[in-house]
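Working notes for the structure below.
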Amino acid sequence: MANLQLKEYNQQTSNTKTRLSWLWSEYSVIIAFLIIFIAASIMSPRFLDINNQLNILMQVSIIGIVALGMTVVMLSGGIDLSVGSVLVLVGVITVLALNASGSILVAILTALFVGSAAGFLNGLMVAKGRIASFIATLGMMAGARSIALYIAEGGSVSGEVSGFTAIANSDLWLIDYPIIIFLIMTVLVYVLMHKTRFGRYVYALGSNEKAALLSAIRVDRVKLGVYSLVGLLVSVAAIIETSRLNSISSSSSGVQYELDAIAAVIIGGTRMTGGRGKIIGTFFGVLILGILNNMMNLMNVSPHLQGFVKGSIIIVAVLFQKRE
């Protein structure tokens, strides 16, 4: 009788641990977000101010859009280190197109084309050239930044059409357009990745590329689509970045954006090896980074230490992934 009770107790304990493990695996980033949000609220009364909350969302909107693209490419088993450099290249060319045509629509279409083309080129190098994504995008990172510096002569370029600034500096019901664009992009990418065949193919590719090939999935086309999508999302972020001040710096804009995007994606639970992760996880990962940056600013932490904090978070997040 005692042995039976002990067996039942062990079984209940095991079931409880299994449920807790599943809960943590599925919702760890949301739990972490709530803990950090509550801690920030306690540490600084100014944190809960509605203007501060909107400021956080505004600050993370650009990186958030880039991180959505980074999530897709990491789910496929790759990585894109060129997002920051492509962003500045798109920004520079967008301003030149804006000044030459005087049309905001032409500038936006130019930005979308250039960003998608850069992503497509990355995809060609990875899919057709059989170059590791790390190397291919590293080359693009250096090349895109170099071209941007050459075009802008190492400085900044400014737009001559004042209406262009309305994209990033207008609001709808007190919510800035960049925040709205970020939320819309999150919903669209979520639907793409979780409700479409393309999304299933990306997950299959990241889980096992050879098995994907044997399943008659056109792996090369999926890779081209993945990197083109990243470029398209980067171009959206570039439009917002350029619109803020109606100018962009070829030397300082987009610096370390790849680090911020990768940090947000990893915090959100996406595996570096691909095949596992969620768009909603990246969304909360971006918010966590935003809250941490905001808290460091409110507490007057040196900006030189913020990179250390982000790097530490990446390492801790990867360690947690390995324990699962």
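Residue numbering restarts at 1 in every chain; chains get A, B, ... in the order shown in the structure tokens, and ligands count up from 1 in that same order.
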- From a DSSP calculation on the backbone, collect every residue of range 175-276 of chain A in helix (DSSP H, G or I) and output the set as a ChimeraX atom specification. /A:177-195,197-207,209-214,219-245,257-267
Residues from the last selection, C-alpha atoms, saved as an mmCIF file, in the first residue's frame:
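File written: selection.cif
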```cif
data_model
loop_
_atom_site.group_PDB
_atom_site.id
_atom_site.type_symbol
_atom_site.label_atom_id
_atom_site.label_comp_id
_atom_site.auth_asym_id
_atom_site.auth_seq_id
_atom_site.Cartn_x
_atom_site.Cartn_y
_atom_site.Cartn_z
ATOM 1 C CA TYR A 177 2.972 56.052 -36.908
ATOM 2 C CA PRO A 178 6.201 54.029 -36.362
ATOM 3 C CA ILE A 179 4.504 52.185 -33.486
ATOM 4 C CA ILE A 180 1.465 51.447 -35.654
ATOM 5 C CA ILE A 181 3.687 50.277 -38.514
ATOM 6 C CA PHE A 182 5.617 48.003 -36.139
ATOM 7 C CA LEU A 183 2.395 46.449 -34.818
ATOM 8 C CA ILE A 184 1.032 45.947 -38.349
ATOM 9 C CA MET A 185 4.293 44.349 -39.502
ATOM 10 C CA THR A 186 4.222 42.040 -36.473
ATOM 11 C CA VAL A 187 0.709 40.844 -37.328
ATOM 12 C CA LEU A 188 1.545 40.358 -41.021
ATOM 13 C CA VAL A 189 4.744 38.402 -40.346
ATOM 14 C CA TYR A 190 2.949 36.344 -37.676
ATOM 15 C CA VAL A 191 0.264 35.361 -40.188
ATOM 16 C CA LEU A 192 2.901 34.625 -42.833
ATOM 17 C CA MET A 193 4.947 32.386 -40.556
ATOM 18 C CA HIS A 194 2.177 30.590 -38.676
ATOM 19 C CA LYS A 195 -0.725 30.461 -41.129
ATOM 20 C CA ARG A 197 2.660 27.249 -46.501
ATOM 21 C CA PHE A 198 5.726 29.475 -46.799
ATOM 22 C CA GLY A 199 5.972 29.683 -43.023
ATOM 23 C CA ARG A 200 5.748 25.904 -42.667
ATOM 24 C CA TYR A 201 8.478 25.508 -45.269
ATOM 25 C CA VAL A 202 10.739 27.921 -43.370
ATOM 26 C CA TYR A 203 10.298 25.917 -40.156
ATOM 27 C CA ALA A 204 10.941 22.676 -42.048
ATOM 28 C CA LEU A 205 14.086 24.133 -43.608
ATOM 29 C CA GLY A 206 15.420 25.256 -40.242
ATOM 30 C CA SER A 207 14.643 21.926 -38.585
ATOM 31 C CA GLU A 209 17.318 20.973 -44.635
ATOM 32 C CA LYS A 210 17.959 17.498 -46.032
ATOM 33 C CA ALA A 211 14.559 16.282 -44.903
ATOM 34 C CA ALA A 212 12.996 19.396 -46.463
ATOM 35 C CA LEU A 213 14.671 18.555 -49.773
ATOM 36 C CA LEU A 214 13.436 14.967 -49.604
ATOM 37 C CA VAL A 219 14.710 24.914 -50.564
ATOM 38 C CA ASP A 220 16.497 27.431 -52.792
ATOM 39 C CA ARG A 221 13.284 29.331 -53.456
ATOM 40 C CA VAL A 222 12.455 29.401 -49.770
ATOM 41 C CA LYS A 223 15.896 30.820 -48.974
ATOM 42 C CA LEU A 224 15.510 33.483 -51.656
ATOM 43 C CA GLY A 225 12.125 34.374 -50.210
ATOM 44 C CA VAL A 226 13.470 34.514 -46.662
ATOM 45 C CA TYR A 227 16.345 36.886 -47.400
ATOM 46 C CA SER A 228 14.229 39.026 -49.724
ATOM 47 C CA LEU A 229 11.674 39.377 -46.928
ATOM 48 C CA VAL A 230 14.394 40.461 -44.511
ATOM 49 C CA GLY A 231 15.529 43.099 -47.002
ATOM 50 C CA LEU A 232 11.956 44.310 -47.452
ATOM 51 C CA LEU A 233 11.446 44.701 -43.699
ATOM 52 C CA VAL A 234 14.795 46.473 -43.374
ATOM 53 C CA SER A 235 13.703 48.922 -46.062
ATOM 54 C CA VAL A 236 10.531 49.692 -44.058
ATOM 55 C CA ALA A 237 12.710 50.371 -41.017
ATOM 56 C CA ALA A 238 15.005 52.537 -43.169
ATOM 57 C CA ILE A 239 12.065 54.674 -44.313
ATOM 58 C CA ILE A 240 11.120 55.350 -40.695
ATOM 59 C CA GLU A 241 14.729 56.021 -39.665
ATOM 60 C CA THR A 242 15.260 58.455 -42.526
ATOM 61 C CA SER A 243 11.903 60.149 -42.028
ATOM 62 C CA ARG A 244 12.546 61.023 -38.378
ATOM 63 C CA LEU A 245 14.973 63.839 -39.183
ATOM 64 C CA TYR A 257 21.403 47.083 -35.319
ATOM 65 C CA GLU A 258 22.245 43.476 -36.124
ATOM 66 C CA LEU A 259 23.285 42.929 -32.479
ATOM 67 C CA ASP A 260 20.052 44.440 -31.149
ATOM 68 C CA ALA A 261 17.936 42.430 -33.584
ATOM 69 C CA ILE A 262 19.704 39.139 -32.806
ATOM 70 C CA ALA A 263 19.409 39.840 -29.073
ATOM 71 C CA ALA A 264 15.654 40.428 -29.374
ATOM 72 C CA VAL A 265 15.176 37.266 -31.434
ATOM 73 C CA ILE A 266 17.160 35.064 -29.058
ATOM 74 C CA ILE A 267 15.456 36.531 -25.990
#
```
Restricting to only C-alpha atoms, whichever of A:Ser312, A:Ser76, A:Thr196, A:Ser249 is closest to Asn208 in chain A is A:Ser76
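Taking CA of Val114 in chain A and CA of Met140 in chain A as the two end points, the separation is 13.2 Å.
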